[in-house]
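Asker: I'd like to ask you about the structure that follows.
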Amino acid sequence: MQNTHEVTNQVPPLTGHDVSADPALLEALRREGAGWAESEVRELGVKAGGHEAQEWGRLAELHSPVLHTHDRYGHRIDEVEFHPYWHELMTVAVERGLHGAPWADGRPGAHVARAAKTFVWAQVDAGHLCPVSMTYAAVPALRAAPELAAVYEPLLTSPSYDFGLRVPTEKRGLIAGMSMTEKQGGSDVRANTTRAVPTGEAGEYALTGHKWFTSAPMSDVFLTLAQAPGGLSCFLLPRVLPDGSRNAIRLQRLKDKLGNRSNASGEIEYAGALGRLVGEEGRGVATIIRMVNMTRLDCALSSASGMRLGLVHAVHHATHRRAFGARLIDQPLMTNVLADLAVEAEAATIAAMRLAGAVDRAAAGDAGEDQLRRLALAVTKYWVCKRAPAHAAEALECLGGNGFVEDSGLPRLYREAPLPSIWEGSGNVAALDVLRAMARQPVAVEAFFAEVDLAAGADRRLDTAVARLREELTELGDPEALQFRARRLVERLALVFQGSLLVRYGHPAVVDAFCASRLGADGGLAFGTLPTGLDTAAIVERSAPGFPAA
């Protein structure tokens with residue numbers, strides 16, 4: 001019988017490579033002051049590209065968490081059961097300092113190092129980084145209550161992942177969650193109806209209400225919003241009370257989500273749950289927004305990381321796959337698509353890492369960097385996260401039918417891609433937040449343009465785009481018309497921010513392609529519409545996965 005199962009023209013597995021071998025990432029790591037961490041990032045990159053870690057991510061996503069509300073005897077337990085590989089992923093993330101560690105690390109560049117590691121490890125599994133990110137973001141918010149921060153911050157920054165329901169102060173390390181969204185309000189957190197009543201003990205309140213979406217409900221402690229006598233306020237709630245009893249936090253169900261399936265997200269009810277006030281009564285939004293702003297950095301990092309992951313898969317496939325007598329990567333139209341995807345990924349990476357640097361310097365007391373972070377982070381979160389789904393779809397298409405099959409890993413990336421744009425404020429919320437920041441903090445606008453102006457005179461197309469943007473800002477009309485145009489304005493802010501960074505630091509071929517297609521008038525709407533005359537081969541060469549030398 002003739003053999004019909006000889007396999008030819010298929011691509012070898014993309015495994016055993018260094019995920020951190022990304023020129024844009026490593027250049028930014030050094031530039032933003034964390035070159036000292038490069039060996040740690042590279043070590044994590046090799047682990048992320050290995051078969052073992054890739055299997056951890058695949059199986060943790062395939063076997064979603066399971067909620068157990070009661071035990072076999074009918075006792076309420078509210079436990080979430082995870083695949084064992086979830087805990088392996090979490091252990092690596094916490095031990096490598098992807099959670100709250102930078103807040104306890106006095107070295108310049110600590111937040112940049114953490115950002116680079118997050119970028120690398122997210123390419124194994126994005127879901128488990130949700131609670132890791134919230135733990136990172138909880139620390140600056142918790143500092144609004146110094147007495148609580150003194151107790152919990154050392155545990156939130158500890159390099160120990162200590163899973164299980166126990167008294168928080170008796171554990172080696174803690175994971176933090178955030179619970180704001182309610183079914184009647186969504187992003188309008190001031191519509192929250194959860195009530196907080198003082199118990200009579202200093203700083204303690206009993207909370208009653210229903211939270212519609214709580215990510216990582218198995219966390220040790222939560223920051224949440226509730227209506228106190230003095231207005232909407234922020235509270236810290238532990239899962240287990242100091243006497244060892246369960247706090248009255250009832251898990252109602254886990255969400256059946258499009259993506260991010262390795263991570264548990266659920267509805268919860270507070271049935272007189274005890275919590276401690278963080279900050280002042282009536283200042284809940286101002287307190288918890290510190291946490292929101294930090295998670296927005298991770299939204300941008302996650303989207304940039306996803307772009308890099310999709311790009312590497314596409315380049316790897318095109319390198320080994322042949323069609324019509326030639327490798328795909330050698331065919332002009334495919335080169336155009338790959339180069340366009342690479343330009344988008346590099347622009348996202350350079351912007352996200354610059355903002356990690358701003359966070360680092362702001363944490364050290366640099367007011368100018370803090371102002372830049374305030375505006376540029378909201379701008380970048382909007383644009384980079386908005387571009388991610390289209391980027392994932394195009395990367396998947398580069399693999400053709402192979403990319404549409406689950407085994408390729410690209411469907412998983414595609415399902416994950418919309419989440420960062422929704423998390424911590426969907427596109428409209430992020431765009432309107434930019435308008436608020438510009439109106440309330442003109443100094444942030446000055447800091448933004450001071451950063452952009454550092455590239456003035458280096459590229460005519462960038463200079464023209466910046467001039468047009470300045471002119472548009474001077475012509476802004478009534479608030480309603482401004483709101484209608486908010487997305488367009490934020491898009492332009494994002495593009496000049498990315499363009500200015502690329503012009504200053506990027507590879508010449510990438511700079512030329514970005515300015516021609518994103519800032520000039522010589523680019524199309526779909527990926528793969530770069531103009532002629534660009535060095536696309538050099539761009540694609542930078543995008544190849546990094547395999548160790550044979």
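Order determines the names: the first chain of the structure tokens is A, the second B, and so forth; residues in each chain are numbered 1 upward, and ligands are numbered 1 upward as they are shown.
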What's the 9 Å shell around segment 269-281 of chain A, counting only C-alpha atoms, without same-chain residues fewer than 2 positions away, as an NGL selection string?
Answerer: :A and (141-146 or 148 or 194 or 196-197 or 199 or 202-212 or 223 or 227-238 or 241 or 247-252 or 267 or 283-284 or 286-288)
Asker: Give me the residues near Met438 of chain A as a ChimeraX atom specification, where near means some atom within 12 Å (using only C-alpha atoms) and where sequence neighbours in that chain fewer than 3 positions away do not count.
Answerer: /A:371-372,374-376,378-379,431-435,441-449,473,476,482,486,489-490,493
Asker: Step one, run DSSP on the backbone; step two, keep only residues of segment 199-291 of chain A assigned to strand (DSSP E); then write them as a ChimeraX atom specification.
Answerer: /A:204-215,221-228,231-238,249-254,265-278
Asker: Do a neighbour search on His111 of chain A at 7 Å with only C-alpha atoms, toss out local chain neighbours closer than 3 positions, and write the hits as a ChimeraX atom specification.
Answerer: /A:102,114-115,356,359-360
Asker: Looking at A:Tyr85, A:Tyr136, A:Phe163, A:Trp56, which one is nearest to Val124 of chain A, with distances taken over only C-alpha atoms?
Answerer: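 Distance minimum relative to Val124 of chain A lands on A:Trp56.
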Asker: Using Å and a single decimal, report how far atom CA of Arg504 of chain A sits from atom CA of Ala28 of chain A.
Answerer: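 Atom CA of Arg504 of chain A lies 11.7 Å from atom CA of Ala28 of chain A.
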Asker: Can you list, as an MDAnalysis selection string, every protein, DNA or RNA residue that comes within 10 Å of segment 463-466 of chain A when you count only C-alpha atoms, leaving out same-chain residues fewer than 4 positions away?
Answerer: chainID A and resid 449 452:453 455:459 470:472 492:493 495:497 499:500 515 518:520
Asker: Selected residues, N, CA, C and O atoms, written as a CSV table (one decimal), in the first residue's frame, please.
Answerer:
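File written: result_26.csv
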```
chain,number,residue,atom,x,y,z
A,449,PHE,N,4.6,66.8,25.5
A,449,PHE,CA,5.2,67.4,24.3
A,449,PHE,C,6.7,67.7,24.5
A,449,PHE,O,7.5,67.7,23.5
A,452,VAL,N,8.1,64.5,23.4
A,452,VAL,CA,8.0,64.4,21.9
A,452,VAL,C,9.0,65.3,21.2
A,452,VAL,O,9.7,64.9,20.2
A,453,ASP,N,9.2,66.5,21.8
A,453,ASP,CA,10.1,67.5,21.1
A,453,ASP,C,11.6,67.1,21.2
A,453,ASP,O,12.4,67.7,20.5
A,455,ALA,N,12.7,64.7,19.9
A,455,ALA,CA,13.0,64.2,18.5
A,455,ALA,C,12.8,65.2,17.4
A,455,ALA,O,13.0,64.8,16.2
A,456,ALA,N,12.6,66.4,17.8
A,456,ALA,CA,12.3,67.5,16.8
A,456,ALA,C,13.5,67.6,15.8
A,456,ALA,O,14.7,67.6,16.2
A,457,GLY,N,13.2,67.7,14.6
A,457,GLY,CA,14.2,68.0,13.6
A,457,GLY,C,14.9,66.7,13.0
A,457,GLY,O,15.6,66.8,12.0
A,458,ALA,N,14.6,65.6,13.5
A,458,ALA,CA,15.2,64.3,13.1
A,458,ALA,C,14.5,63.7,11.9
A,458,ALA,O,15.1,63.0,11.1
A,459,ASP,N,13.2,63.9,11.8
A,459,ASP,CA,12.4,63.4,10.7
A,459,ASP,C,11.3,64.3,10.3
A,459,ASP,O,10.5,64.7,11.1
A,470,ARG,N,-0.5,69.8,17.3
A,470,ARG,CA,-0.5,71.0,18.1
A,470,ARG,C,-1.6,71.9,17.6
A,470,ARG,O,-2.3,72.5,18.4
A,471,GLU,N,-1.7,72.0,16.3
A,471,GLU,CA,-2.7,72.9,15.7
A,471,GLU,C,-4.1,72.4,16.0
A,471,GLU,O,-5.0,73.2,16.4
A,472,GLU,N,-4.3,71.1,16.0
A,472,GLU,CA,-5.6,70.5,16.3
A,472,GLU,C,-6.0,70.8,17.8
A,472,GLU,O,-7.1,71.1,18.1
A,492,ARG,N,-3.7,60.0,17.5
A,492,ARG,CA,-2.6,60.9,17.0
A,492,ARG,C,-1.6,61.2,18.1
A,492,ARG,O,-0.4,61.2,17.8
A,493,LEU,N,-2.1,61.3,19.3
A,493,LEU,CA,-1.1,61.5,20.4
A,493,LEU,C,-0.2,60.2,20.5
A,493,LEU,O,1.0,60.3,20.7
A,495,LEU,N,0.5,58.0,18.2
A,495,LEU,CA,1.4,57.8,17.1
A,495,LEU,C,2.6,58.8,17.1
A,495,LEU,O,3.8,58.4,16.8
A,496,VAL,N,2.4,60.0,17.6
A,496,VAL,CA,3.6,60.9,17.7
A,496,VAL,C,4.5,60.5,18.8
A,496,VAL,O,5.7,60.7,18.8
A,497,PHE,N,3.9,60.0,19.9
A,497,PHE,CA,4.7,59.5,21.0
A,497,PHE,C,5.6,58.3,20.6
A,497,PHE,O,6.8,58.3,20.8
A,499,GLY,N,6.3,57.5,17.5
A,499,GLY,CA,7.2,58.0,16.4
A,499,GLY,C,8.4,58.7,17.0
A,499,GLY,O,9.6,58.5,16.5
A,500,SER,N,8.2,59.5,18.0
A,500,SER,CA,9.3,60.3,18.6
A,500,SER,C,10.3,59.3,19.3
A,500,SER,O,11.6,59.5,19.2
A,515,CYS,N,7.3,56.0,10.1
A,515,CYS,CA,7.0,57.4,9.7
A,515,CYS,C,6.3,57.5,8.4
A,515,CYS,O,5.4,58.3,8.2
A,518,ARG,N,2.6,55.4,9.2
A,518,ARG,CA,1.8,55.8,10.3
A,518,ARG,C,1.7,57.3,10.5
A,518,ARG,O,0.7,57.8,10.9
A,519,LEU,N,2.7,58.0,10.1
A,519,LEU,CA,2.7,59.5,10.2
A,519,LEU,C,2.6,60.2,8.9
A,519,LEU,O,2.0,61.3,8.8
A,520,GLY,N,3.1,59.6,7.8
A,520,GLY,CA,3.0,60.2,6.5
A,520,GLY,C,1.7,59.8,5.8
A,520,GLY,O,0.8,59.2,6.4
```
Asker: Go through A:Ala513, A:Leu399, A:Ala21, A:Val66 and flag the residue nearest Gly266 of chain A, using only C-alpha atoms for the distances.
Answerer: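 Comparing A:Ala513, A:Leu399, A:Ala21, A:Val66 against Gly266 of chain A, the winner is A:Val66.
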Asker: Please report the interatomic distance between atom CA of Arg488 of chain A and atom CA of Ala430 of chain A in Å with one decimal.
Answerer: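 Distance reported for this atom pair: 12.4 Å.
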Asker: Counting only C-alpha atoms, which of A:Glu406, A:Glu153, A:Glu451, A:Asp125 gets nearest to Gly368 of chain A?
Answerer: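 Going through A:Glu406, A:Glu153, A:Glu451, A:Asp125 one by one, the smallest distance to Gly368 of chain A is for A:Glu451.
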Asker: Go through A:Asn428, A:Asn336, A:Thr224, A:Thr349 and flag the residue nearest Leu26 of chain A, using only C-alpha atoms for the distances.
Answerer: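 For Leu26 of chain A, the nearest of the given residues is A:Thr349.
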Asker: Pick out the closest residue to Asp22 of chain A from this set: A:Ala150, A:Ala481, A:Val312, A:Ala526. Count only C-alpha atoms.
Answerer: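 Comparing A:Ala150, A:Ala481, A:Val312, A:Ala526 against Asp22 of chain A, the winner is A:Val312.
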Asker: I want to know what sits within 10 Å of Leu129 of chain A, based on only C-alpha atoms, with residues of the same chain fewer than 5 positions away left out; could you give that as a VMD selection string?
Answerer: chain A and resid 89 to 90 93 to 94 98 to 99 118 121 to 122 134 to 135 260 262 to 263 298 302
